[in-house]
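Structure record follows, encoded as structure tokens.
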Amino acid sequence: MIPLALKALLGAAAAVLIALLAASRNYVIAGLVPLFPTFALIAHVLVGRERGPAALRATAVFGLWAMLPYAVYLVAVDLLAERLPLAAVLSVATLAWLLSAGLLMFVWMRWHGA
């Protein structure tokens with residue numbers, strides 16, 4: 001139970017940090033905080049322990065490819081930010097992320113069969 005509570009505290013701390021940075025004159029740094037590899041660290045520890053170095057490498061490589069859907073999301077936000085209301089921008093960008101992540105999963109499964 002303590003590890004779960006610690007993870008919840010880390011998530012809450014990240015949310016508070018994002019809110020503080022968003023309100024500061026260095027608001028753009030708020031976009032960097034969610035990219036801290038909190039969940040990647042957890043995933044890599046679990047995969048490394050359970051599956052070993054080869055699986056850890058495969059997970060890392062997939063993680064590199066997984067940045068593409070995030071890039072698609074950011075490009076959508078950039079292109080739409082001054083054209084649509086905020087809710088529409090974020091909805092379309094999220095849909096773009098979902099579609100590109102689905103495509104990535106499809107292609108990855110086809111090429112790597114796992």
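For the structure tokens, the naming scheme is as follows: chains receive sequential letters (A, B, ...) according to their order of presentation, residues are indexed from 1 within each chain, and ligands are indexed from 1 in presentation order.
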Residue contacts of stretch 76-80 of chain A (8 Å, only C-alpha atoms) excluding same-chain residues fewer than 2 positions away, as a tab-separated table (two decimals) with C-alpha atoms, in the first residue's frame:
chain	number	residue	atom	x	y	z
A	72	VAL	CA	1.13	14.43	-33.59
A	73	TYR	CA	-0.82	15.72	-30.57
A	74	LEU	CA	1.49	18.72	-30.17
A	82	GLU	CA	-5.59	30.07	-32.59
A	83	ARG	CA	-8.36	28.70	-34.80
A	84	LEU	CA	-10.67	26.82	-32.42
A	89	VAL	CA	-8.37	22.09	-29.85
A	90	LEU	CA	-7.73	19.58	-27.08
A	92	VAL	CA	-9.15	17.14	-31.87
A	93	ALA	CA	-5.54	16.83	-30.67
A	96	ALA	CA	-5.21	12.70	-33.37
- Query: Pick from A:Leu32, A:Leu56, A:Val75, A:Leu41: nearest to A:Ile18, with only C-alpha atoms counted?
  - Reply: A:Leu32
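Nearest to A:Ala8 of all the residues A:Leu46, A:Ala22, A:Val28, A:Phe39 is A:Phe39, based on only C-alpha atoms.
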- Query: Could you name the residues that touch A:Ala15 at 10 Å or less, counting only C-alpha atoms, but leaving out those on the same chain fewer than 4 positions away, as a ChimeraX atom specification?
  - Reply: /A:9-11,19-21,30,33-34
- Message: Residues within 10 Å of stretch 5-7 of chain A, please, as number ranges by chain. Count only C-alpha atoms; anything in the same chain fewer than 5 positions from it doesn't count.
- Response: A: 12-13, 38-39, 42
Please produce an output containing N, CA and C atoms for each residue in the selection, written as a short mmCIF file (atom, residue, chain, number, x, y, z; two decimals), in the first residue's frame.
data_model
loop_
_atom_site.label_atom_id
_atom_site.label_comp_id
_atom_site.auth_asym_id
_atom_site.auth_seq_id
_atom_site.Cartn_x
_atom_site.Cartn_y
_atom_site.Cartn_z
N ALA A 12 0.44 13.75 -7.62
CA ALA A 12 -0.11 15.00 -7.09
C ALA A 12 0.95 16.11 -7.11
N ALA A 13 2.18 15.77 -6.76
CA ALA A 13 3.26 16.76 -6.78
C ALA A 13 3.50 17.27 -8.20
N THR A 38 8.44 9.38 -15.22
CA THR A 38 7.93 8.69 -14.04
C THR A 38 7.37 7.31 -14.38
N PHE A 39 6.45 7.27 -15.32
CA PHE A 39 5.81 6.00 -15.66
C PHE A 39 6.75 5.11 -16.45
N ILE A 42 8.83 3.27 -13.94
CA ILE A 42 8.08 2.16 -13.35
C ILE A 42 8.00 1.00 -14.34
#
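Residue nearest A:Thr59, chosen from A:Ala71, A:His44, A:Ala101, A:Ala81 and counting only C-alpha atoms: A:His44.
Residues surrounding A:Val61 within 12 Å are Ala40, His44, Ala54, Ala55, Met67, Trp108 and His112 of chain A [only C-alpha atoms; sequence separation below 6 positions excluded].
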Filtering to N, CA and C atoms, could you give me those residues as an mmCIF file, in the first residue's frame?
data_model
loop_
_atom_site.group_PDB
_atom_site.id
_atom_site.type_symbol
_atom_site.label_atom_id
_atom_site.label_comp_id
_atom_site.auth_asym_id
_atom_site.auth_seq_id
_atom_site.Cartn_x
_atom_site.Cartn_y
_atom_site.Cartn_z
ATOM 1 N N ALA A 40 7.631 5.720 -17.239
ATOM 2 C CA ALA A 40 8.631 4.918 -17.959
ATOM 3 C C ALA A 40 9.556 4.222 -16.965
ATOM 4 N N HIS A 44 9.954 0.331 -16.864
ATOM 5 C CA HIS A 44 11.265 -0.265 -17.131
ATOM 6 C C HIS A 44 11.738 -1.137 -15.977
ATOM 7 N N ALA A 54 16.694 -8.019 -22.837
ATOM 8 C CA ALA A 54 16.203 -7.949 -24.217
ATOM 9 C C ALA A 54 14.822 -7.288 -24.271
ATOM 10 N N ALA A 55 13.958 -7.657 -23.347
ATOM 11 C CA ALA A 55 12.627 -7.057 -23.292
ATOM 12 C C ALA A 55 12.712 -5.590 -22.879
ATOM 13 N N MET A 67 6.844 8.275 -29.036
ATOM 14 C CA MET A 67 6.880 9.742 -29.021
ATOM 15 C C MET A 67 6.193 10.337 -30.249
ATOM 16 N N TRP A 108 3.447 -1.780 -35.183
ATOM 17 C CA TRP A 108 4.387 -2.477 -34.293
ATOM 18 C C TRP A 108 4.044 -3.964 -34.196
ATOM 19 N N HIS A 112 6.609 -6.685 -35.399
ATOM 20 C CA HIS A 112 7.275 -7.377 -34.295
ATOM 21 C C HIS A 112 6.484 -8.567 -33.764
#
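Restricting the calculation to only C-alpha atoms, the smallest distance between A:Leu95 and any of A:Val45, A:Pro69, A:Ala23, A:Arg110 is found for A:Pro69.
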- Task: Give the alpha helix (DSSP H) residues of chain A, as DSSP finds them on the backbone, and put them as a VMD selection string.
- Result: chain A and resid 2 to 22 38 to 51 53 to 65 67 to 80 86 to 112
- Query: Neighbours of A:Ala58 within 12 Å (only C-alpha atoms; same-chain residues fewer than 4 positions away dropped), as a ChimeraX atom specification?
  - Reply: /A:44,47-48,51-54,62-65,108,112,114
